[in-house]
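Raw structure-v1.tsv, TSV, C-alpha atoms:
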```
chain	number	residue	atom	x	y	z
N	28	MET	CA	-98.30	-73.08	-3.70
N	29	LYS	CA	-95.71	-72.89	-0.96
N	30	LEU	CA	-92.15	-72.46	-2.20
N	31	ASN	CA	-90.96	-73.02	1.37
N	32	ASP	CA	-92.22	-72.29	4.89
N	33	GLU	CA	-91.90	-68.52	4.37
N	34	ILE	CA	-92.92	-67.75	0.77
N	35	ASP	CA	-96.20	-68.48	-0.99
N	36	PHE	CA	-96.53	-68.25	-4.81
N	37	GLN	CA	-100.02	-68.00	-6.29
N	38	VAL	CA	-100.96	-67.53	-9.96
N	39	VAL	CA	-104.13	-65.56	-10.74
N	40	ASP	CA	-105.79	-65.41	-14.17
N	41	GLY	CA	-102.84	-67.35	-15.58
N	42	ALA	CA	-100.89	-64.09	-15.90
N	43	ILE	CA	-100.35	-62.59	-12.44
N	44	ALA	CA	-98.11	-63.97	-9.69
N	45	ILE	CA	-98.89	-63.07	-6.08
N	46	ILE	CA	-95.79	-63.56	-3.95
N	47	THR	CA	-96.48	-63.50	-0.23
N	48	MET	CA	-93.99	-63.28	2.63
N	49	ASP	CA	-95.68	-65.57	5.13
N	50	ARG	CA	-94.23	-65.05	8.62
N	51	PRO	CA	-96.97	-62.98	10.28
N	52	ALA	CA	-95.92	-63.87	13.83
N	53	GLN	CA	-92.48	-62.40	13.07
N	54	ARG	CA	-93.94	-59.43	11.16
N	55	ASN	CA	-92.69	-61.09	7.95
N	56	ALA	CA	-89.11	-60.32	8.95
N	57	ILE	CA	-86.35	-61.39	6.57
N	58	ASN	CA	-84.61	-64.69	7.33
N	59	GLU	CA	-82.85	-67.25	5.15
N	60	GLY	CA	-86.17	-68.76	4.09
N	61	VAL	CA	-87.54	-65.40	2.94
N	62	MET	CA	-84.38	-64.64	0.99
N	63	ASP	CA	-84.22	-68.07	-0.66
N	64	GLY	CA	-87.94	-68.18	-1.40
N	65	LEU	CA	-87.97	-64.72	-2.97
N	66	ARG	CA	-85.04	-65.64	-5.23
N	67	GLN	CA	-87.00	-68.65	-6.42
N	68	ALA	CA	-90.21	-66.65	-6.83
N	69	TRP	CA	-88.61	-63.90	-8.91
N	70	HIS	CA	-86.95	-66.54	-11.11
N	71	MET	CA	-90.32	-68.21	-11.68
N	72	LEU	CA	-91.94	-64.90	-12.59
N	73	GLU	CA	-89.19	-63.98	-15.04
N	74	THR	CA	-88.90	-67.34	-16.79
N	75	ASP	CA	-92.59	-68.22	-17.16
N	76	ASP	CA	-93.71	-66.61	-20.44
N	77	ALA	CA	-97.37	-66.76	-19.40
N	78	LEU	CA	-96.79	-64.52	-16.38
N	79	ARG	CA	-97.00	-60.79	-17.07
N	80	VAL	CA	-97.01	-59.07	-13.64
N	81	GLY	CA	-95.84	-59.85	-10.10
N	82	ILE	CA	-97.39	-58.64	-6.84
N	83	LEU	CA	-95.33	-58.73	-3.63
N	84	THR	CA	-97.17	-58.60	-0.32
N	85	GLY	CA	-97.02	-59.84	3.26
N	86	SER	CA	-99.40	-61.99	5.27
N	87	GLY	CA	-101.54	-60.57	8.06
N	88	ASP	CA	-102.59	-57.00	8.70
N	89	LYS	CA	-99.67	-55.78	10.83
N	90	ALA	CA	-96.59	-55.86	8.63
N	91	PHE	CA	-95.51	-56.00	5.01
N	92	CYS	CA	-91.97	-56.68	6.24
N	93	ALA	CA	-90.26	-55.39	9.39
N	94	GLY	CA	-86.74	-55.78	8.00
N	95	MET	CA	-84.08	-58.30	8.90
N	96	ASP	CA	-84.95	-60.92	11.51
N	97	LEU	CA	-82.71	-60.07	14.48
N	98	LYS	CA	-82.08	-63.75	15.23
N	99	THR	CA	-80.83	-64.24	11.67
N	100	ALA	CA	-78.71	-61.10	11.87
N	101	ALA	CA	-77.17	-62.19	15.16
N	102	ALA	CA	-76.38	-65.65	13.82
N	103	MET	CA	-74.73	-64.19	10.71
N	104	LYS	CA	-72.67	-61.68	12.76
N	105	LEU	CA	-72.89	-59.32	9.84
N	106	LYS	CA	-70.35	-56.60	9.26
N	107	VAL	CA	-70.51	-55.35	5.67
N	108	PRO	CA	-73.42	-57.27	4.09
N	109	PRO	CA	-72.59	-58.93	0.76
N	110	ARG	CA	-74.21	-57.05	-2.09
N	111	ASP	CA	-76.09	-60.16	-3.18
N	112	MET	CA	-77.36	-61.08	0.28
N	113	LEU	CA	-80.90	-59.83	-0.44
N	114	PRO	CA	-82.73	-60.62	-3.70
N	115	VAL	CA	-83.06	-56.99	-4.78
N	116	LEU	CA	-84.78	-56.39	-8.10
N	117	GLY	CA	-82.82	-54.17	-10.44
N	118	ASP	CA	-79.58	-54.87	-8.61
N	119	VAL	CA	-78.73	-58.52	-7.97
N	120	VAL	CA	-81.92	-59.94	-9.51
N	121	HIS	CA	-82.78	-59.20	-13.13
N	122	ILE	CA	-86.45	-58.96	-13.95
N	123	SER	CA	-88.11	-57.49	-17.03
N	124	LYS	CA	-91.75	-57.68	-15.93
N	125	PRO	CA	-93.68	-55.09	-13.91
N	126	THR	CA	-93.95	-55.60	-10.15
N	127	ILE	CA	-96.36	-54.12	-7.64
N	128	ALA	CA	-95.77	-53.87	-3.89
N	129	ALA	CA	-99.05	-54.37	-2.01
N	130	VAL	CA	-97.97	-53.00	1.36
N	131	ASN	CA	-100.30	-54.40	4.01
N	132	GLY	CA	-98.66	-52.88	7.12
N	133	ILE	CA	-95.34	-51.52	8.28
N	134	ALA	CA	-92.43	-51.62	5.83
N	135	LEU	CA	-89.26	-50.96	7.77
N	136	ALA	CA	-85.56	-51.14	6.76
N	137	GLY	CA	-85.36	-54.16	4.42
N	138	GLY	CA	-89.14	-53.99	4.18
N	139	TRP	CA	-88.84	-50.46	2.80
N	140	LEU	CA	-86.23	-51.82	0.36
N	141	PHE	CA	-88.63	-54.52	-0.83
N	142	ALA	CA	-91.33	-51.90	-1.46
N	143	GLN	CA	-88.81	-49.54	-3.09
N	144	MET	CA	-87.53	-52.14	-5.56
N	145	CYS	CA	-90.99	-52.79	-7.03
N	146	ASP	CA	-92.18	-50.64	-9.93
N	147	LEU	CA	-95.49	-49.63	-8.34
N	148	CYS	CA	-96.83	-49.47	-4.81
N	149	ILE	CA	-100.30	-49.68	-3.30
N	150	ALA	CA	-100.61	-49.39	0.47
N	151	SER	CA	-103.14	-50.14	3.17
N	152	GLU	CA	-104.41	-47.04	4.93
N	153	HIS	CA	-102.58	-48.08	8.12
N	154	ALA	CA	-99.26	-48.88	6.42
N	155	ALA	CA	-96.09	-46.96	7.25
N	156	PHE	CA	-92.65	-46.76	5.65
N	157	GLY	CA	-89.42	-46.28	7.58
N	158	ILE	CA	-85.65	-46.58	7.12
N	159	THR	CA	-84.66	-47.20	10.73
N	160	GLU	CA	-80.95	-48.05	10.36
N	161	ALA	CA	-79.81	-44.83	12.06
N	162	LYS	CA	-81.41	-46.10	15.29
N	163	VAL	CA	-79.25	-49.23	15.33
N	164	GLY	CA	-76.02	-48.00	13.77
N	165	ARG	CA	-76.41	-49.86	10.50
N	166	GLY	CA	-76.29	-48.60	6.90
N	167	MET	CA	-78.64	-48.21	3.97
N	168	PRO	CA	-76.57	-48.04	0.75
N	169	TRP	CA	-79.54	-49.52	-1.09
N	170	ALA	CA	-81.45	-46.27	-0.48
N	171	ALA	CA	-79.48	-44.39	-3.18
N	172	PRO	CA	-82.29	-44.70	-5.79
N	173	LEU	CA	-84.60	-42.78	-3.44
N	174	ILE	CA	-83.20	-39.53	-4.82
N	175	HIS	CA	-85.30	-40.27	-7.93
N	176	MET	CA	-88.37	-41.13	-5.85
N	177	LEU	CA	-88.49	-38.52	-3.08
N	178	PRO	CA	-87.50	-34.83	-2.84
N	179	GLN	CA	-83.99	-34.37	-1.45
N	180	ARG	CA	-85.04	-32.87	1.86
N	181	ILE	CA	-87.64	-35.57	2.44
N	182	MET	CA	-85.01	-38.22	1.75
N	183	MET	CA	-82.74	-36.49	4.28
N	184	GLU	CA	-85.53	-36.51	6.84
N	185	VAL	CA	-86.30	-40.20	6.30
N	186	LEU	CA	-82.67	-41.29	6.59
N	187	LEU	CA	-81.52	-39.00	9.40
N	188	THR	CA	-84.52	-39.11	11.73
N	189	ALA	CA	-85.39	-42.80	11.13
N	190	LYS	CA	-89.05	-41.82	11.64
N	191	PRO	CA	-91.59	-43.60	9.43
N	192	LEU	CA	-93.80	-41.94	6.86
N	193	SER	CA	-97.51	-42.71	6.99
N	194	ALA	CA	-99.04	-44.24	3.89
N	195	GLN	CA	-100.97	-41.02	3.33
N	196	ARG	CA	-97.86	-38.83	3.45
N	197	ALA	CA	-95.94	-41.27	1.26
N	198	MET	CA	-98.69	-41.01	-1.36
N	199	ALA	CA	-98.72	-37.20	-1.16
N	200	LEU	CA	-94.97	-37.28	-1.85
N	201	GLY	CA	-95.43	-39.57	-4.85
N	202	TYR	CA	-93.75	-42.61	-3.27
N	203	VAL	CA	-97.02	-44.58	-3.15
N	204	ASN	CA	-99.44	-44.81	-6.07
N	205	GLU	CA	-102.57	-45.36	-4.04
N	206	VAL	CA	-103.78	-45.83	-0.46
N	207	VAL	CA	-106.80	-48.07	0.10
N	208	ALA	CA	-108.69	-49.74	2.92
N	209	HIS	CA	-106.89	-52.87	4.08
N	210	ASP	CA	-109.64	-55.23	2.94
N	211	GLN	CA	-109.40	-53.76	-0.58
N	212	LEU	CA	-105.61	-53.89	-0.88
N	213	LEU	CA	-105.07	-57.15	-2.74
N	214	GLU	CA	-108.04	-56.67	-5.03
N	215	ARG	CA	-106.87	-53.17	-5.95
N	216	ALA	CA	-103.37	-54.51	-6.65
N	217	LEU	CA	-104.93	-57.23	-8.82
N	218	ASP	CA	-107.01	-54.62	-10.69
N	219	MET	CA	-103.83	-52.72	-11.50
N	220	ALA	CA	-102.02	-55.92	-12.47
N	221	ARG	CA	-104.88	-56.98	-14.74
N	222	GLY	CA	-104.81	-53.63	-16.49
N	223	ILE	CA	-101.08	-54.02	-17.13
N	224	ALA	CA	-101.37	-57.67	-18.18
N	225	ALA	CA	-104.04	-56.77	-20.75
N	226	ASN	CA	-101.70	-54.34	-22.51
N	227	ALA	CA	-99.21	-55.13	-25.28
N	228	PRO	CA	-96.35	-56.97	-23.54
N	229	LEU	CA	-93.54	-55.58	-25.70
N	230	THR	CA	-94.73	-52.01	-25.12
N	231	VAL	CA	-95.07	-52.60	-21.38
N	232	LYS	CA	-91.57	-54.08	-21.17
N	233	ALA	CA	-90.01	-51.22	-23.12
N	234	ALA	CA	-91.97	-48.55	-21.22
N	235	ARG	CA	-90.77	-49.96	-17.92
N	236	GLU	CA	-87.18	-49.92	-19.17
N	237	LEU	CA	-87.68	-46.36	-20.44
N	238	VAL	CA	-88.46	-45.13	-16.93
N	239	TYR	CA	-85.28	-46.62	-15.50
N	240	LEU	CA	-82.91	-45.63	-18.30
N	241	SER	CA	-84.25	-42.07	-18.02
N	242	THR	CA	-82.98	-41.89	-14.44
N	243	GLU	CA	-79.47	-42.75	-15.65
N	244	MET	CA	-78.97	-40.06	-18.31
N	245	GLY	CA	-79.79	-36.51	-19.34
N	246	ARG	CA	-82.64	-35.34	-21.58
N	247	SER	CA	-80.96	-35.64	-25.00
N	248	ALA	CA	-79.27	-38.96	-24.26
N	249	GLY	CA	-82.53	-40.30	-22.84
N	250	LEU	CA	-84.45	-39.36	-25.99
N	251	ARG	CA	-81.88	-41.06	-28.24
N	252	ALA	CA	-81.85	-44.20	-26.09
N	253	ALA	CA	-85.65	-44.31	-26.01
N	254	GLN	CA	-85.83	-44.15	-29.81
N	255	ARG	CA	-83.64	-47.24	-30.05
N	256	LEU	CA	-85.52	-48.93	-27.24
N	257	PHE	CA	-88.89	-48.70	-28.99
N	258	GLU	CA	-87.74	-49.48	-32.54
N	259	SER	CA	-88.30	-53.21	-32.08
N	260	VAL	CA	-91.74	-52.48	-30.60
N	261	TYR	CA	-92.79	-50.46	-33.66
N	262	LEU	CA	-91.57	-53.27	-35.94
N	263	SER	CA	-93.40	-56.05	-34.05
N	264	GLU	CA	-96.50	-57.99	-35.09
N	265	ASP	CA	-98.24	-56.61	-32.01
N	266	ALA	CA	-97.80	-53.06	-33.32
N	267	GLN	CA	-100.01	-54.05	-36.28
N	268	GLU	CA	-102.41	-56.12	-34.19
N	269	GLY	CA	-103.33	-53.21	-31.91
N	270	PRO	CA	-104.78	-50.89	-34.58
N	271	LEU	CA	-106.30	-53.86	-36.46
N	272	SER	CA	-108.18	-55.09	-33.38
N	273	PHE	CA	-109.54	-51.57	-32.86
N	274	VAL	CA	-110.83	-51.44	-36.44
N	275	GLU	CA	-112.34	-54.91	-36.10
N	276	LYS	CA	-113.88	-54.00	-32.72
N	277	ARG	CA	-112.39	-56.91	-30.79
N	278	ALA	CA	-109.91	-57.47	-28.01
N	279	PRO	CA	-106.29	-57.57	-29.24
N	280	ARG	CA	-104.56	-60.93	-29.43
N	281	TRP	CA	-101.03	-60.14	-28.28
N	282	LYS	CA	-98.23	-62.46	-29.37
N	283	GLY	CA	-95.33	-60.68	-27.71
N	284	ARG	CA	-93.47	-60.50	-31.01
```
Final structure tokens representation of the file:
Amino acid sequence: MKLNDEIDFQVVDGAIAIITMDRPAQRNAINEGVMDGLRQAWHMLETDDALRVGILTGSGDKAFCAGMDLKTAAAMKLKVPPRDMLPVLGDVVHISKPTIAAVNGIALAGGWLFAQMCDLCIASEHAAFGITEAKVGRGMPWAAPLIHMLPQRIMMEVLLTAKPLSAQRAMALGYVNEVVAHDQLLERALDMARGIAANAPLTVKAARELVYLSTEMGRSAGLRAAQRLFESVYLSEDAQEGPLSFVEKRAPRWKGR
């Protein structure tokens, strides 16, 4: 269904939300409609208990998202952007469910940010990733988490040269999980999402949180925090259902409790 003129929200298998930025003529550039529609879409994903995974993609075969629409930027006469201007997961938008960026073309500036904020990333073979702010005198404070995603000197190169990385190089550096032919992109993202959605939801939620809390603390503190994080998982009904379903040779019936 269309949330507005720019964002499409589709549910697959009753458990997976495909969120599509739908402005192909404008290379899916970010305007007010994209920002508002994404806020609504992330809220729907988070609050619908039946949904387990979200996929973010763009329409067409040219661009995932080319960054801020210049007409919107000019109209806003932006100086220092408000922190909550963009619906950034893990910053101004809280979400506890896994997200996958299915990058169907160029992901530049804010488009890179949208790919960066997702937990996983699959890219078309012709996709490219660039932080181009240095070419236009703007900033990229949102790029700080990249130090946990790229080697320091590669991050320096990306930010200082403003030259894009090919999908293939991004995968070699560990920024992208997989590169596929364009016509296989969405199906491959759905395959990954289905695999996640079939797993125990409490374990998936805690494992996702484990990755992020580990970036915030040292080894010993991370181990102690992880022990507390998974205690409720061990004590859940699902923790008994998993081994039982194996013994009974059937698919597990997860309750999320």
Work out how far CA of Gly117 (chain N) is from CA of Thr242 (chain N), in Å to one decimal.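 One can read the CA of Thr242 (chain N) to CA of Gly117 (chain N) distance as 12.9 Å.
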Write out as a VMD selection string which residues come within 9 Å of region 260-267 of chain N when counting all atoms listed in the file, dropping same-chain ones fewer than 5 positions away. chain N and resid 227 to 230 233 272 279 to 284
From the list N:Pro270, N:Gly138, N:Pro51, N:Gly132, which residue is nearest Asp210 (chain N) when using only C-alpha atoms?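 Among the listed residues, N:Gly132 lies closest to Asp210 (chain N).
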Take CA of Lys124 (chain N) and CA of Asp146 (chain N) and report the distance between them in Å, one decimal.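 About the pair CA of Lys124 (chain N) and CA of Asp146 (chain N): they are 9.3 Å apart.
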Report, in Å to a single decimal, how far apart CA of Ser151 (chain N) and CA of Ala208 (chain N) are.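 A separation of 5.6 Å between them.
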Would you mind listing what lies within 7 Å of Pro191 (chain N) as a PyMOL selection string, with all atoms listed in the file counted and same-chain residues fewer than 3 positions away left out? chain N and resi 155-157
May I ask which of the residues N:Glu33, N:Glu275, N:Asp118, N:Glu236 is the closest one to Leu256 (chain N), counting all atoms listed in the file?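 Using all atoms listed in the file, Leu256 (chain N) sits closest to N:Glu236.
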Can you pull out every residue within 7 Å of Glu73 (chain N), counting all atoms listed in the file, but drop anything in the same chain fewer than 2 positions away, and send it as a list in words?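 Using all atoms listed in the file, the neighbours found are Trp69, His70, Met71, Asp75, Ile122, Ser123 and Lys124 of chain N.
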I'd like to know which of N:Ala52, N:Ile34, N:Ile82, N:Val61 is closest to Leu217 (chain N), using only C-alpha atoms.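 Of all the options, N:Ile82 lies closest to Leu217 (chain N).
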Best match for closeness to Ile174 (chain N) among N:Val38, N:Leu186, N:Ala234, N:Leu72, counting only C-alpha atoms: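 For Ile174 (chain N), the nearest of the candidates is N:Leu186.
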Residue contacts of Ile127 (chain N) (9 Å, all atoms listed in the file) excluding same-chain residues fewer than 4 positions away, as an MDAnalysis selection string: chainID N and resid 80:84 142 145:149 216 219:220
Which residue, N:Lys29, N:His153, N:Arg79, N:Arg54, has the smallest gap to His209 (chain N) when you use all atoms listed in the file?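 Checking each candidate against His209 (chain N), we get N:His153 as the closest.
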Which residues, written as a list of chain:residue names, have at least one atom at most 10 Å from Gln143 (chain N), with all atoms listed in the file counted and residues fewer than 4 positions away on the same chain left out? N:Val115, N:Leu116, N:Ile127, N:Ala128, N:Ala134, N:Gly137, N:Gly138, N:Trp139, N:Leu147, N:Cys148, N:Phe156, N:Trp169, N:Ala170, N:Pro172, N:Leu173, N:Met176, N:Tyr202, N:Val203
